[in-house]
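Here the structure comes first, spelled out in structure tokens, and everything after it is commentary.
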Amino acid sequence: MKHCRIKVSWLWIPFLLCYPFIPLYKTLLFIFLFLSIHESAHIIVAICFRYPIQKVILYPFGLCAVIDSIGYRSGIKDFLILVAGPLTHLLEPLLLRSFVMVGWISQAYCDYLCMMNLSILVFNLLPIYPLDGGRLLELFLQLIFPYMLAGKLLNLISMVLISCCYLIKMFQGISGLAICILLIIENMQSYRRRPYQRATFYQYRMDHPSTYPIRMNHGREIYRFATNIMLYESNWVNEEVWLNLLGISKR
């Protein structure tokens, strides 16, 4: 965390200007609390596994962390980091109940917030990138497909599911349309970033050789969860040699 940058989003400017006119300001504060606890869990588990935290952005709706190396290192560690956030939503009703006990909120308002907390959890677990559910789906796809193909399939599946969610009116009104548009834009940008992510992944694999089971690979892309033995010009070469042939050297 010593090199972590903390940034404040520009979205605070319009939010603070509109804040006096928002009738549900108290509910917005609880949404900020829910999502900040959620993201803090990701950060804490990542720090425990010594994943670098590049930066933490403070948005009006909560924290957002950029974690380096996630998607390249241990699949089990990635999984634990990803599920840490959603698991906090199972504990937040207990926090709300304690607020009722000390008289900070009413029981009726507590029930309303519990339903909202459940809605956030369900939304976050949708298998759509960049939600946690989408990132978990990517881990599963990487077990079956090469790294690059798994990423592209994730973006394709996400676009289809976003369209389906809108058609079945899971996302309703102007806010629902805005969510769909933002998710589509994020997936389009992610798809364009895939070559760069592949290059970063390949460099990581060159610097940190795989310890996964050996896989004889006839393709042109390596599998994340395997020690790839690649077929190159009718000869089998190990992963490190193959990466070196692509012009990738150890740092």
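Residues in the structure tokens are named by chain (A, B, ... in the order shown) and by number from 1 within that chain; ligands are numbered from 1 in the order shown.
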Report task. For Met230 (chain A), please output as a PyMOL selection string all residues within 8 Å (counting only C-alpha atoms; exclusion window: fewer than 3 positions along the same chain). Result -> chain A and resi 216-220+236-239+242
Keeping only all heavy atoms, write the selected residues as a short mmCIF file (atom, residue, chain, number, x, y, z; two decimals), in the first residue's frame.
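Result file is part09.cif:
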data_model
loop_
_atom_site.label_atom_id
_atom_site.label_comp_id
_atom_site.auth_asym_id
_atom_site.auth_seq_id
_atom_site.Cartn_x
_atom_site.Cartn_y
_atom_site.Cartn_z
N MET A 216 0.12 -29.85 -23.48
CA MET A 216 0.66 -29.81 -24.84
C MET A 216 -0.26 -28.93 -25.68
O MET A 216 -1.43 -29.26 -25.89
CB MET A 216 0.76 -31.22 -25.43
CG MET A 216 1.49 -32.22 -24.55
SD MET A 216 3.16 -31.69 -24.08
CE MET A 216 4.01 -31.88 -25.65
N ASN A 217 0.26 -27.81 -26.13
CA ASN A 217 -0.55 -26.77 -26.74
C ASN A 217 -0.21 -26.63 -28.23
O ASN A 217 0.90 -26.24 -28.60
CB ASN A 217 -0.29 -25.45 -26.00
CG ASN A 217 -1.24 -24.35 -26.41
OD1 ASN A 217 -1.90 -24.42 -27.44
ND2 ASN A 217 -1.32 -23.31 -25.60
N HIS A 218 -1.20 -26.95 -29.08
CA HIS A 218 -1.01 -26.83 -30.53
C HIS A 218 -1.36 -25.43 -31.05
O HIS A 218 -1.17 -25.14 -32.23
CB HIS A 218 -1.87 -27.86 -31.27
CG HIS A 218 -1.46 -29.28 -31.05
ND1 HIS A 218 -1.80 -29.97 -29.90
CD2 HIS A 218 -0.74 -30.14 -31.82
CE1 HIS A 218 -1.32 -31.20 -29.97
NE2 HIS A 218 -0.67 -31.33 -31.12
N GLY A 219 -1.89 -24.58 -30.19
CA GLY A 219 -2.37 -23.28 -30.63
C GLY A 219 -1.30 -22.20 -30.60
O GLY A 219 -0.11 -22.46 -30.43
N ARG A 220 -1.78 -20.96 -30.74
CA ARG A 220 -0.89 -19.81 -30.76
C ARG A 220 -1.07 -18.90 -29.55
O ARG A 220 -0.53 -17.79 -29.53
CB ARG A 220 -1.12 -19.01 -32.05
CG ARG A 220 -0.78 -19.78 -33.31
CD ARG A 220 -0.97 -18.92 -34.54
NE ARG A 220 -0.62 -19.65 -35.76
CZ ARG A 220 -0.69 -19.11 -36.97
NH1 ARG A 220 -1.10 -17.85 -37.13
NH2 ARG A 220 -0.35 -19.84 -38.03
N TRP A 236 8.45 -29.05 -30.34
CA TRP A 236 7.85 -28.70 -29.06
C TRP A 236 8.86 -27.90 -28.24
O TRP A 236 10.01 -28.33 -28.07
CB TRP A 236 7.43 -29.95 -28.29
CG TRP A 236 6.28 -30.68 -28.92
CD1 TRP A 236 6.34 -31.80 -29.68
CD2 TRP A 236 4.90 -30.31 -28.86
NE1 TRP A 236 5.09 -32.19 -30.11
CE2 TRP A 236 4.17 -31.27 -29.62
CE3 TRP A 236 4.19 -29.27 -28.27
CZ2 TRP A 236 2.80 -31.22 -29.77
CZ3 TRP A 236 2.80 -29.22 -28.42
CH2 TRP A 236 2.13 -30.20 -29.17
N VAL A 237 8.43 -26.73 -27.77
CA VAL A 237 9.31 -25.89 -26.94
C VAL A 237 8.56 -25.51 -25.67
O VAL A 237 7.32 -25.43 -25.65
CB VAL A 237 9.77 -24.62 -27.69
CG1 VAL A 237 10.60 -24.98 -28.91
CG2 VAL A 237 8.57 -23.75 -28.09
N ASN A 238 9.31 -25.27 -24.61
CA ASN A 238 8.64 -24.89 -23.37
C ASN A 238 8.15 -23.44 -23.45
O ASN A 238 8.51 -22.68 -24.36
CB ASN A 238 9.54 -25.13 -22.15
CG ASN A 238 10.77 -24.23 -22.13
OD1 ASN A 238 10.72 -23.07 -22.53
ND2 ASN A 238 11.89 -24.76 -21.68
N GLU A 239 7.36 -23.09 -22.50
CA GLU A 239 6.69 -21.78 -22.51
C GLU A 239 7.68 -20.62 -22.53
O GLU A 239 7.49 -19.64 -23.25
CB GLU A 239 5.77 -21.69 -21.27
CG GLU A 239 4.83 -20.51 -21.27
CD GLU A 239 3.88 -20.57 -20.10
OE1 GLU A 239 3.09 -21.54 -20.01
OE2 GLU A 239 3.94 -19.66 -19.26
N TRP A 242 9.20 -20.22 -25.94
CA TRP A 242 8.20 -19.71 -26.87
C TRP A 242 7.99 -18.21 -26.68
O TRP A 242 7.91 -17.45 -27.65
CB TRP A 242 6.89 -20.47 -26.67
CG TRP A 242 5.82 -20.12 -27.65
CD1 TRP A 242 5.69 -20.57 -28.94
CD2 TRP A 242 4.70 -19.25 -27.44
NE1 TRP A 242 4.57 -20.04 -29.53
CE2 TRP A 242 3.94 -19.22 -28.63
CE3 TRP A 242 4.27 -18.49 -26.36
CZ2 TRP A 242 2.78 -18.47 -28.77
CZ3 TRP A 242 3.11 -17.73 -26.48
CH2 TRP A 242 2.38 -17.73 -27.68
#
Query raised in the report: Could you write out, as a PyMOL selection string, all the residues of region 15-121 of chain A that DSSP marks as strand (DSSP E or B)?
Result: chain A and resi 53-59+62-67
Requested in this report: Determine the nearest neighbour of Met206 (chain A) from the options A:Phe34, A:Tyr72, A:Tyr25, A:Trp10, counting only C-alpha atoms.
Outcome: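 Checking each of A:Phe34, A:Tyr72, A:Tyr25, A:Trp10 against Met206 (chain A), counting only C-alpha atoms, the winner is A:Tyr72.
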Requested in this report: Enumerate as number ranges by chain all residues of region 2-248 of chain A assigned to helix (DSSP H, G or I) by DSSP on the backbone, naming them with the chain letters and numbers the document uses.
Outcome: A: 12-21, 25-48, 75-101, 107-124, 132-144, 147-167, 173-207, 239-245
Report task. Find the residues around Leu63 (chain A) up to 7 Å (only C-alpha atoms counted), leave out those fewer than 5 positions away in its own chain, and share them as a PyMOL selection string. Result -> chain A and resi 35-36+39+56-58
Go ahead and write the residues just picked, N, CA and C atoms, as a PDB file, in the first residue's frame.
ATOM      1  N   LEU A  35     -20.989  -0.001  -0.476  1.00  0.00           N
ATOM      2  CA  LEU A  35     -20.018  -0.217  -1.542  1.00  0.00           C
ATOM      3  C   LEU A  35     -18.587   0.015  -1.072  1.00  0.00           C
ATOM      4  N   SER A  36     -18.413   0.909  -0.098  1.00  0.00           N
ATOM      5  CA  SER A  36     -17.067   1.150   0.436  1.00  0.00           C
ATOM      6  C   SER A  36     -16.593  -0.041   1.266  1.00  0.00           C
ATOM      7  N   GLU A  39     -15.668  -2.761  -1.294  1.00  0.00           N
ATOM      8  CA  GLU A  39     -14.376  -2.553  -1.960  1.00  0.00           C
ATOM      9  C   GLU A  39     -13.217  -2.686  -0.974  1.00  0.00           C
ATOM     10  N   VAL A  56      -6.651   3.990  -5.319  1.00  0.00           N
ATOM     11  CA  VAL A  56      -8.016   3.901  -4.797  1.00  0.00           C
ATOM     12  C   VAL A  56      -8.719   5.195  -5.177  1.00  0.00           C
ATOM     13  N   ILE A  57      -9.833   5.057  -5.883  1.00  0.00           N
ATOM     14  CA  ILE A  57     -10.585   6.228  -6.341  1.00  0.00           C
ATOM     15  C   ILE A  57     -11.818   6.395  -5.460  1.00  0.00           C
ATOM     16  N   LEU A  58     -12.034   7.607  -4.995  1.00  0.00           N
ATOM     17  CA  LEU A  58     -13.182   7.918  -4.145  1.00  0.00           C
ATOM     18  C   LEU A  58     -14.296   8.504  -5.011  1.00  0.00           C
TER      19      LEU A  58
END
Requested in this report: May I ask which of the residues A:Leu121, A:Met159, A:Ile70, A:Ile168 is the closest one to Ile181 (chain A), counting only C-alpha atoms?
Outcome: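 Closest to Ile181 (chain A), using only C-alpha atoms: A:Met159.
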Query raised in the report: Quick one, how far is CA of His38 (chain A) from CA of Thr88 (chain A)?
Result: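 Computing the Euclidean distance for CA of His38 (chain A) and CA of Thr88 (chain A) yields 5.8 Å.
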Requested in this report: Select, from A:Pro93, A:Pro146, A:Gly151, A:Gly103, the residue with the minimum atom-to-atom distance to Tyr129 (chain A), counting only C-alpha atoms.
Outcome: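 Using only C-alpha atoms, the shortest distance to Tyr129 (chain A) belongs to A:Gly151.
Counting only C-alpha atoms, the residue from A:Val45, A:Met101, A:Ile162, A:Ala84 that sits nearest to Leu182 (chain A) is A:Ile162.
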Query raised in the report: Nearest to Gly133 (chain A): which of A:Val83, A:Leu90, A:Leu28, A:Ala178 is it, counting only C-alpha atoms?
Result: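 Smallest separation from Gly133 (chain A) among the options: A:Val83.
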Please produce, as a tab-separated table, a per-residue contact table for region 139-233 of chain A versus region 74-80 of chain A (criterion: any atom at most 10 Å away, only C-alpha atoms considered), showing the nearest atom pair and its distance in Å to one decimal, sorted by chain then residue number.
residue	atom	partner	partner_atom	distance
A:Leu139	CA	A:Gly75	CA	7.1
A:Phe140	CA	A:Gly75	CA	9.6
A:Gln142	CA	A:Gly75	CA	9.4
A:Leu143	CA	A:Gly75	CA	9.4
A:Ser210	CA	A:Ser74	CA	9.8
A:Thr211	CA	A:Ser74	CA	9.9
A:Tyr212	CA	A:Ser74	CA	9.8
A:Arg224	CA	A:Gly75	CA	8.9
A:Phe225	CA	A:Gly75	CA	7.7
Write the selection just made, keeping C-alpha atoms, as a CSV table (one decimal), in the first residue's frame?
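Final output, saved to out14.csv:
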chain,number,residue,atom,x,y,z
A,139,LEU,CA,-11.6,-17.2,-14.1
A,140,PHE,CA,-13.9,-20.1,-15.1
A,142,GLN,CA,-9.6,-19.3,-18.4
A,143,LEU,CA,-9.8,-22.9,-17.1
A,210,SER,CA,4.2,-21.3,-14.4
A,211,THR,CA,3.9,-24.1,-11.8
A,212,TYR,CA,0.6,-25.5,-13.2
A,224,ARG,CA,-3.3,-19.3,-17.9
A,225,PHE,CA,-3.8,-22.4,-15.7
**Report entry** Among listed residues A:Val8, A:Leu231, A:Ile44, A:Val100, nearest Arg215 (chain A) (using only C-alpha atoms)
**Finding:**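 Ranking A:Val8, A:Leu231, A:Ile44, A:Val100 by distance to Arg215 (chain A), first place goes to A:Leu231.
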Report task. Measure the distance from CA of Asp111 (chain A) to CA of Gly85 (chain A) in Å and round it to one decimal. Result -> 21.3 Å
Using only C-alpha atoms, determine which residues lie at most 12 Å from Leu156 (chain A), disregarding the query and same-chain residues fewer than 3 positions distant; provide the list as a compact mmCIF listing (two decimals) with N, CA and C atoms, in the first residue's frame.
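See part-v2.txt below for the written result:
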# COMPACT_ATOMS: atom_id res chain seq x y z
N PRO A 127 -23.04 -12.24 -14.26
CA PRO A 127 -21.82 -12.60 -15.01
C PRO A 127 -21.54 -11.62 -16.14
N ILE A 128 -21.37 -10.37 -15.77
CA ILE A 128 -21.14 -9.29 -16.74
C ILE A 128 -19.89 -8.52 -16.31
N TYR A 129 -18.96 -8.35 -17.24
CA TYR A 129 -17.77 -7.55 -16.96
C TYR A 129 -18.18 -6.07 -16.90
N GLY A 134 -18.77 -11.09 -13.38
CA GLY A 134 -18.10 -11.20 -14.67
C GLY A 134 -16.65 -11.61 -14.52
N GLU A 138 -14.75 -14.95 -15.88
CA GLU A 138 -13.50 -14.96 -16.62
C GLU A 138 -12.54 -16.00 -16.07
N LEU A 149 -8.56 -15.70 -25.72
CA LEU A 149 -9.90 -16.10 -26.12
C LEU A 149 -10.87 -16.01 -24.95
N ALA A 150 -10.43 -16.37 -23.76
CA ALA A 150 -11.29 -16.29 -22.58
C ALA A 150 -11.74 -14.85 -22.34
N GLY A 151 -10.83 -13.91 -22.50
CA GLY A 151 -11.17 -12.50 -22.31
C GLY A 151 -12.17 -12.00 -23.34
N LYS A 152 -11.96 -12.38 -24.60
CA LYS A 152 -12.88 -11.96 -25.65
C LYS A 152 -14.26 -12.58 -25.47
N LEU A 153 -14.30 -13.86 -25.07
CA LEU A 153 -15.58 -14.52 -24.81
C LEU A 153 -16.32 -13.83 -23.67
N MET A 159 -21.92 -8.58 -23.34
CA MET A 159 -22.75 -7.76 -24.22
C MET A 159 -24.10 -8.41 -24.46
N VAL A 160 -24.11 -9.73 -24.64
CA VAL A 160 -25.37 -10.45 -24.85
C VAL A 160 -26.25 -10.36 -23.59
N LEU A 161 -25.66 -10.56 -22.42
CA LEU A 161 -26.42 -10.53 -21.18
C LEU A 161 -26.94 -9.13 -20.86
N ILE A 162 -26.15 -8.12 -21.18
CA ILE A 162 -26.61 -6.74 -20.97
C ILE A 162 -27.86 -6.49 -21.80
N SER A 163 -27.83 -6.91 -23.06
CA SER A 163 -28.98 -6.73 -23.96
C SER A 163 -30.19 -7.50 -23.42
N ILE A 184 -21.90 -1.42 -21.54
CA ILE A 184 -21.52 -1.69 -22.93
C ILE A 184 -20.23 -0.96 -23.27
N ASN A 187 -17.27 -2.69 -21.72
CA ASN A 187 -16.89 -3.92 -22.41
C ASN A 187 -16.23 -3.65 -23.75
N MET A 188 -16.67 -2.61 -24.45
CA MET A 188 -16.02 -2.24 -25.71
C MET A 188 -14.58 -1.80 -25.46
N SER A 190 -12.77 -2.64 -22.85
CA SER A 190 -12.05 -3.82 -22.38
C SER A 190 -11.61 -4.67 -23.57
N TYR A 191 -12.48 -4.84 -24.55
CA TYR A 191 -12.16 -5.64 -25.73
C TYR A 191 -10.97 -5.04 -26.48
Query - Close residues, Arg97 (chain A) itself excluded, 12 Å, only C-alpha atoms, min 6 positions apart in chain, as an MDAnalysis selection string - result: chainID A and resid 91 103:114
With all heavy atoms retained, export the selected residues as a compact mmCIF listing (two decimals), in the first residue's frame.
# COMPACT_ATOMS: atom_id res chain seq x y z
N LEU A 91 -22.98 -9.79 5.61
CA LEU A 91 -22.76 -9.32 6.98
C LEU A 91 -23.39 -7.96 7.24
O LEU A 91 -23.65 -7.61 8.39
CB LEU A 91 -21.26 -9.25 7.27
CG LEU A 91 -20.47 -10.56 7.12
CD1 LEU A 91 -18.98 -10.30 7.34
CD2 LEU A 91 -20.97 -11.60 8.11
N GLY A 103 -30.96 2.78 17.99
CA GLY A 103 -31.92 3.83 17.68
C GLY A 103 -31.53 4.78 16.57
O GLY A 103 -32.13 5.84 16.42
N TRP A 104 -30.54 4.42 15.77
CA TRP A 104 -30.11 5.31 14.69
C TRP A 104 -31.06 5.26 13.50
O TRP A 104 -31.21 6.26 12.79
CB TRP A 104 -28.70 4.95 14.24
CG TRP A 104 -27.64 5.31 15.25
CD1 TRP A 104 -27.84 5.96 16.44
CD2 TRP A 104 -26.24 5.04 15.18
NE1 TRP A 104 -26.66 6.10 17.11
CE2 TRP A 104 -25.65 5.55 16.36
CE3 TRP A 104 -25.43 4.40 14.24
CZ2 TRP A 104 -24.29 5.45 16.62
CZ3 TRP A 104 -24.07 4.31 14.50
CH2 TRP A 104 -23.51 4.83 15.67
N ILE A 105 -31.67 4.08 13.25
CA ILE A 105 -32.63 3.94 12.16
C ILE A 105 -33.80 3.11 12.66
O ILE A 105 -33.69 2.38 13.66
CB ILE A 105 -32.02 3.27 10.91
CG1 ILE A 105 -31.49 1.87 11.24
CG2 ILE A 105 -30.93 4.14 10.30
CD1 ILE A 105 -30.99 1.11 10.02
N SER A 106 -34.94 3.22 11.98
CA SER A 106 -36.12 2.44 12.36
C SER A 106 -36.04 1.04 11.77
O SER A 106 -35.27 0.77 10.85
CB SER A 106 -37.38 3.14 11.85
OG SER A 106 -37.43 3.12 10.43
N GLN A 107 -36.89 0.14 12.28
CA GLN A 107 -36.92 -1.23 11.77
C GLN A 107 -37.39 -1.25 10.31
O GLN A 107 -36.87 -2.01 9.50
CB GLN A 107 -37.85 -2.09 12.63
CG GLN A 107 -37.91 -3.56 12.21
CD GLN A 107 -36.56 -4.25 12.28
OE1 GLN A 107 -35.90 -4.22 13.32
NE2 GLN A 107 -36.13 -4.87 11.19
N ALA A 108 -38.38 -0.39 10.01
CA ALA A 108 -38.90 -0.35 8.64
C ALA A 108 -37.81 0.11 7.66
O ALA A 108 -37.66 -0.46 6.56
CB ALA A 108 -40.10 0.59 8.57
N TYR A 109 -37.04 1.12 8.07
CA TYR A 109 -35.97 1.61 7.21
C TYR A 109 -34.86 0.57 7.10
O TYR A 109 -34.24 0.41 6.04
CB TYR A 109 -35.41 2.92 7.76
CG TYR A 109 -34.48 3.64 6.80
CD1 TYR A 109 -34.87 3.93 5.51
CD2 TYR A 109 -33.21 4.02 7.20
CE1 TYR A 109 -34.03 4.59 4.62
CE2 TYR A 109 -32.36 4.68 6.34
CZ TYR A 109 -32.78 4.96 5.05
OH TYR A 109 -31.93 5.62 4.18
N CYS A 110 -34.62 -0.17 8.16
CA CYS A 110 -33.63 -1.25 8.15
C CYS A 110 -34.03 -2.32 7.13
O CYS A 110 -33.19 -2.80 6.36
CB CYS A 110 -33.51 -1.86 9.54
SG CYS A 110 -32.46 -3.33 9.61
N ASP A 111 -35.31 -2.69 7.13
CA ASP A 111 -35.79 -3.69 6.17
C ASP A 111 -35.62 -3.20 4.73
O ASP A 111 -35.24 -3.97 3.83
CB ASP A 111 -37.26 -4.01 6.43
CG ASP A 111 -37.46 -4.70 7.78
OD1 ASP A 111 -36.48 -5.27 8.31
OD2 ASP A 111 -38.60 -4.67 8.30
N TYR A 112 -35.89 -1.91 4.52
CA TYR A 112 -35.73 -1.30 3.19
C TYR A 112 -34.26 -1.36 2.75
O TYR A 112 -33.95 -1.74 1.61
CB TYR A 112 -36.22 0.14 3.23
CG TYR A 112 -35.85 0.95 2.02
CD1 TYR A 112 -36.49 0.75 0.79
CD2 TYR A 112 -34.88 1.95 2.09
CE1 TYR A 112 -36.15 1.51 -0.32
CE2 TYR A 112 -34.53 2.71 0.99
CZ TYR A 112 -35.17 2.49 -0.22
OH TYR A 112 -34.84 3.23 -1.31
N LEU A 113 -33.34 -1.02 3.67
CA LEU A 113 -31.92 -1.04 3.35
C LEU A 113 -31.41 -2.46 3.12
O LEU A 113 -30.53 -2.69 2.29
CB LEU A 113 -31.12 -0.38 4.47
CG LEU A 113 -31.29 1.14 4.61
CD1 LEU A 113 -30.54 1.65 5.84
CD2 LEU A 113 -30.81 1.87 3.36
N CYS A 114 -31.97 -3.43 3.85
CA CYS A 114 -31.59 -4.83 3.65
C CYS A 114 -31.97 -5.30 2.24
O CYS A 114 -31.20 -6.03 1.59
CB CYS A 114 -32.24 -5.72 4.71
SG CYS A 114 -31.46 -5.61 6.34
Report task. Write out as a PyMOL selection string each polymer residue whose atoms come within 8 Å of Ile53 (chain A), counting only C-alpha atoms; drop sequence neighbours fewer than 6 positions from it. Result -> chain A and resi 1+3-4+43+46-47+65-68
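Distance-wise, CA of Pro209 (chain A) and CA of Met148 (chain A) end up 18.2 Å apart.
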Report task. Excluding Leu131 (chain A) and any residue of its chain fewer than 6 positions from it, enumerate the residues within 10 Å of it, using only C-alpha atoms, and give them as number ranges by chain. Result -> A: 82, 123-125, 137, 158, 183
